[in-house]
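Encoded as structure tokens, the structure appears first; notes follow it.
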2 protein chains.
Amino acid sequence: MPRSPSELALQIADGNRRALARGITLVESTRADHREEAAALLTAVMARTGAAVRVGISGAPGSGKSTLIQALGMALLDAGHRVAVLAIDPSSPRGGGSILGDKTRMDELTRHPNAFVRPSPTGGTLGGVARRTREAMLLCEAAGFDVVLIETVGVGQSEVTVEGMVDCFVLLLAPGGGDDLQGIKRGIMELADIVAVNKVDGALAAVAETTARDYEHALQLIRPKTAAWRPVVVPTSALERRGIDELWATVLAHREALGATTLAQRRGDQARAWMWGELSEALLDRVRRDPAAAALMRELEPEVAAGLVPPPTAAQRILDAFGS
Amino acid sequence: MPRSPSELALQIADGNRRALARGITLVESTRADHREEAAALLTAVMARTGAAVRVGISGAPGSGKSTLIQALGMALLDAGHRVAVLAIDPSSPRGGGSILGDKTRMDELTRHPNAFVRPSPTGGTLGGVARRTREAMLLCEAAGFDVVLIETVGVGQSEVTVEGMVDCFVLLLAPGGGDDLQGIKRGIMELADIVAVNKVDGALAAVAETTARDYEHALQLIRPKTAAWRPVVVPTSALERRGIDELWATVLAHREALGATTLAQRRGDQARAWMWGELSEALLDRVRRDPAAAALMRELEPEVAAGLVPPPTAAQRILDAFGS
């Protein structure tokens with residue numbers, strides 16, 4: 001890292017893409033000195049963050065997620081927006097894995113001067129990957145991107161994480177019945193502000209219509225996240241670029257329905273939860289790095305799992321060993 | 001508390017009900033010396049715990065929860081079981097609140113020599129209430145109760161908590177459509193191993209049948225918690241005591257389907273999560289009680305919520321203040 005965090009912050013604020021990429025590489029690093037520089041960088045850009053529309057987009061493999069994001073991204077660019085696309089894929093140990101790893105699937109978007117596409121940070125826990133993506137989102141906002149799309153795979157916990165960092169969470173579904181319909185983990189549908197049923201085109205059009213109706217019915221059985229908005233189903237064809245404007249109009253309608261106060265509150269809650277999560281994780285890390293506490297942990301955890309030691313007793317003993 | 005924890009443990013193991021009640025009062029106390037005695041008591045009884053079938057039963061007010069639990073409890077007592085009923089209601093600040101507060105709603109069960117009914121611990125956070133209920137469950141098992149039913153209201157987070165301490169989670173629904181159907185919080189249906197549609201009696205019978213079919217359909221859209229078991233809908237009439245044997249048979253079928261290994265693993269995961277939760281909470285408590293860290297927390301939290309300070313930076317600063 002040749003530049004100081006404050007220099008880098010200025011270049012990012014100028015919209016320098018190479019500086020943005022370098023900043024993201026910095027926040028992705030786990031080296032202790034890099035973490036300190038990353039903290040300084042974030043603090044320096046913080047006042048310029050928060051202005052983007054933050055949208056999470058999740059969908060199982062095969063739902064046409066990349067095609068949809070490219071179609072949505074191009075439509076937004078045509079309308080004059082600056083679009084950043086980030087990804088969270090904790091399943092990929094290295095190299096970007098299954099999502100955004102191959103940027104060629106979004107080549108049109110990737111080549112556009114007003115777009116910025118970044119694959120998932122690699123390795124580490126979901127918590128670690130999520131933190132780095134949250135920080136990358138702030139840097140993209142500081143660089144003037146007014147739409148941030150966060151992509152994730154439809155496999156469970158990562159959806160909860162993404163929903164916890166965006167203003168609007170879109171669940172993308174492929175048409176189909178039976179097992180295909182069950183391709184999303186339990187609880188994910190409940191997170192959706194918008195359900196997009198994709199591939200309403202060609203041979204699948206009729207099936208897609210049925211899928212859309214099924215999910216409209218299913219959404220009726222779910223209590224909405226807020227009284228201000230009832231989740232809606234939007235049929236799309238990413239391939240034929242139909243329903244894309246409607247999808248974005250629905251994102252904006254959701255935003256309008258929430259209102260500025262509720263949105264600010266949602267973001268405030270997200271930021272506070274992020275802080276508490278960091279604090280809690282850092283404290284547990286300290287305990288894990290403490291030789292006496294760590295040894296006791298290794299000894300007690302199997303006994304706790306086997307029902308031989310009461311969990312609160314084990315926690316207290318570990319805490320005592322840590323404190324001493 | 002006149003007796004030592006080890007004496008109390010012996011009396012509880014003898015099936016002494018007054019000792020059990022006293023033990024639960026001890027684990028419910030937040031006094032520091034009581035917490036120590038409670039830890040000693042739990043350690044003393046631990047070897048005698050784990051043999052019960054642990055079932056969580058949740059339902060919104062009006063679903064007929066108390067009537068169902070009484071009907072199920074009486075059927076189990078008739079079959080020779082010893083049945084403990086505990087409750088979790090974090091919404092009740094004192095006096096038991098809306099569930100089990102009025103034991104007369106379960107008077108038949110309460111009077112039975114082989115049953116033990118205990119209202120929700122009062123006051124405190126959900127985490128605190130949950131810990132005390134987990135500990136009470138262990139004491140009930142040590143006292144020889146071979147079925148523990150844990151009741152909770154259908155209002156959200158408490159369901160997640162109860163699902164995290166039982167072998168089988170039953171969601172109880174009243175018949176009805178529209179808004180009534182939405183009386184459960186999002187995500188709760190996904191937790192259910194069994195959905196019981198109650199009040200399949202009198203004028204509501206036809207509506208109940210429709211409700212049962214609706215939920216059978218909705219459950220098809222949800223990926224099951226384990227490949228070994230797909231959640232099923234059981235129609236019941238607690239009032240006319242119909243469907244009660246079928247409900248219990250389904251609890252046992254679920255147990256059989258999971259198998260001993262998966263069940264032991266589920267319990268092991270629950271115990272480990274309990275330990276980590278206790279440890280994490282105790283560590284955060286230490287930080288909150290540290291004057292310098294607490295002052296910084298109060299200062300930084302609103303700035304974090306307002307998007308002025310990056311959450312990781314705030315967490316690091318609080319941690320530094322705590323460490324110094």
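To be explicit about the labels: the chains of the structure tokens are called A, B, and onward in the order shown, and within each one the residues are counted from 1, while ligands get numbers from 1 in the order they are shown.
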Exercise. Would you mind listing what lies within 10 Å of Val147 (chain A) as number ranges by chain, with only C-alpha atoms counted and same-chain residues fewer than 6 positions away left out?
Key: A: 51-55, 73, 76-77, 81-85, 115, 137, 140-141
Save the residues we just selected, C-alpha atoms, as a CSV table (one decimal), in the first residue's frame?
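Contents of selection-v6.csv, as written:
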```
chain,number,residue,atom,x,y,z
A,51,ALA,CA,-26.3,8.0,-0.1
A,52,ALA,CA,-26.7,4.9,-2.2
A,53,VAL,CA,-29.8,2.7,-2.6
A,54,ARG,CA,-28.6,-0.6,-1.1
A,55,VAL,CA,-30.2,-3.7,-2.6
A,73,GLY,CA,-27.3,-2.9,-13.9
A,76,LEU,CA,-29.7,1.7,-14.2
A,77,LEU,CA,-26.6,2.8,-16.1
A,81,HIS,CA,-26.9,5.8,-12.3
A,82,ARG,CA,-23.5,4.7,-11.1
A,83,VAL,CA,-23.7,1.0,-10.1
A,84,ALA,CA,-21.5,-1.1,-7.8
A,85,VAL,CA,-22.0,-4.8,-7.6
A,115,ALA,CA,-20.1,0.4,-13.1
A,137,MET,CA,-20.0,-1.0,0.3
A,140,CYS,CA,-18.2,2.3,-3.1
A,141,GLU,CA,-20.6,4.9,-1.7
```
Exercise. Write out as JSON, numbers by chain every residue belonging to chain B that has an atom at most 7 Å from any atom of chain A, counting only C-alpha atoms.
Key: {"B": [39, 42, 43, 46, 47, 181, 182, 184, 185, 186, 187, 190, 218, 221, 222, 223, 224, 268, 269, 271, 272, 274, 275, 278, 279, 280, 283, 284, 301, 304, 305, 306, 308, 309, 310, 311, 312, 313, 314, 315]}
Practice problem: Would you work out the distance separating CA of Glu209 (chain A) from CA of Ala60 (chain A), expressed in Å to one decimal? | Solution: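 Going from CA of Glu209 (chain A) over to CA of Ala60 (chain A) covers 18.6 Å.
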Quiz item: What does the distance between CA of Leu86 (chain B) and CA of Arg134 (chain B) come to in Å, to one decimal place?
Solution: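 Calculated distance between CA of Leu86 (chain B) and CA of Arg134 (chain B) is 9.5 Å.
Within 10 Å of Ala19 (chain A), once only C-alpha atoms are used and residues closer than 4 positions along the same chain are dropped, the contacting residues are A:Arg3, A:Glu7, A:Leu8, A:Ala9, A:Leu10, A:Gln11, A:Ile12, A:Ala13, A:Asp14, A:Gly15, A:Gly23, A:Ile24, A:Thr25, A:Leu139, A:Ala143.
Put simply, CA of Val162 (chain B) is 29.4 Å away from CA of Ile194 (chain A).
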Exercise. Would you please give, as a ChimeraX atom specification, all residues of region 23-229 of chain A that DSSP assigns to helix (DSSP H, G or I) based on the backbone?
Key: /A:23-28,32-48,65-78,103-111,126-142,157-163,178-182,189-191,202-220
Region 236-246 of chain A environment, 8 Å, only C-alpha atoms, sequence neighbours closer than 3 positions dropped, as a compact mmCIF listing (two decimals) with N, CA and C atoms, in the first residue's frame:
```txt
# COMPACT_ATOMS: atom_id res chain seq x y z
N GLY A 64 -30.78 -17.54 -12.65
CA GLY A 64 -30.48 -16.47 -13.62
C GLY A 64 -30.04 -15.18 -12.96
N THR A 67 -27.45 -12.93 -14.90
CA THR A 67 -28.11 -12.31 -16.06
C THR A 67 -29.02 -11.19 -15.60
N LEU A 68 -29.74 -11.42 -14.51
CA LEU A 68 -30.64 -10.39 -13.99
C LEU A 68 -29.87 -9.18 -13.50
N ALA A 71 -28.70 -7.23 -16.42
CA ALA A 71 -29.80 -6.51 -17.06
C ALA A 71 -30.23 -5.31 -16.22
N LEU A 72 -30.36 -5.52 -14.91
CA LEU A 72 -30.75 -4.43 -14.02
C LEU A 72 -29.67 -3.35 -13.99
N ALA A 75 -29.71 -1.28 -17.21
CA ALA A 75 -30.86 -0.37 -17.22
C ALA A 75 -30.59 0.84 -16.32
N ALA A 196 -38.71 -11.86 -7.00
CA ALA A 196 -38.70 -11.77 -8.46
C ALA A 196 -38.73 -13.19 -9.03
N VAL A 197 -39.74 -13.50 -9.81
CA VAL A 197 -39.78 -14.80 -10.47
C VAL A 197 -39.25 -14.61 -11.88
N ASN A 198 -38.10 -15.17 -12.11
CA ASN A 198 -37.36 -14.94 -13.35
C ASN A 198 -37.71 -15.99 -14.41
N LYS A 199 -37.22 -15.77 -15.61
CA LYS A 199 -37.39 -16.70 -16.73
C LYS A 199 -38.84 -16.78 -17.21
N VAL A 200 -39.54 -15.64 -17.11
CA VAL A 200 -40.87 -15.61 -17.70
C VAL A 200 -40.67 -15.37 -19.20
N ASP A 201 -40.15 -16.41 -19.83
CA ASP A 201 -39.84 -16.32 -21.25
C ASP A 201 -39.84 -17.72 -21.86
N ALA A 249 -38.69 -0.19 -10.25
CA ALA A 249 -39.79 0.65 -9.77
C ALA A 249 -40.31 0.12 -8.43
N THR A 250 -40.29 -1.20 -8.28
CA THR A 250 -40.77 -1.81 -7.03
C THR A 250 -39.78 -1.55 -5.89
```
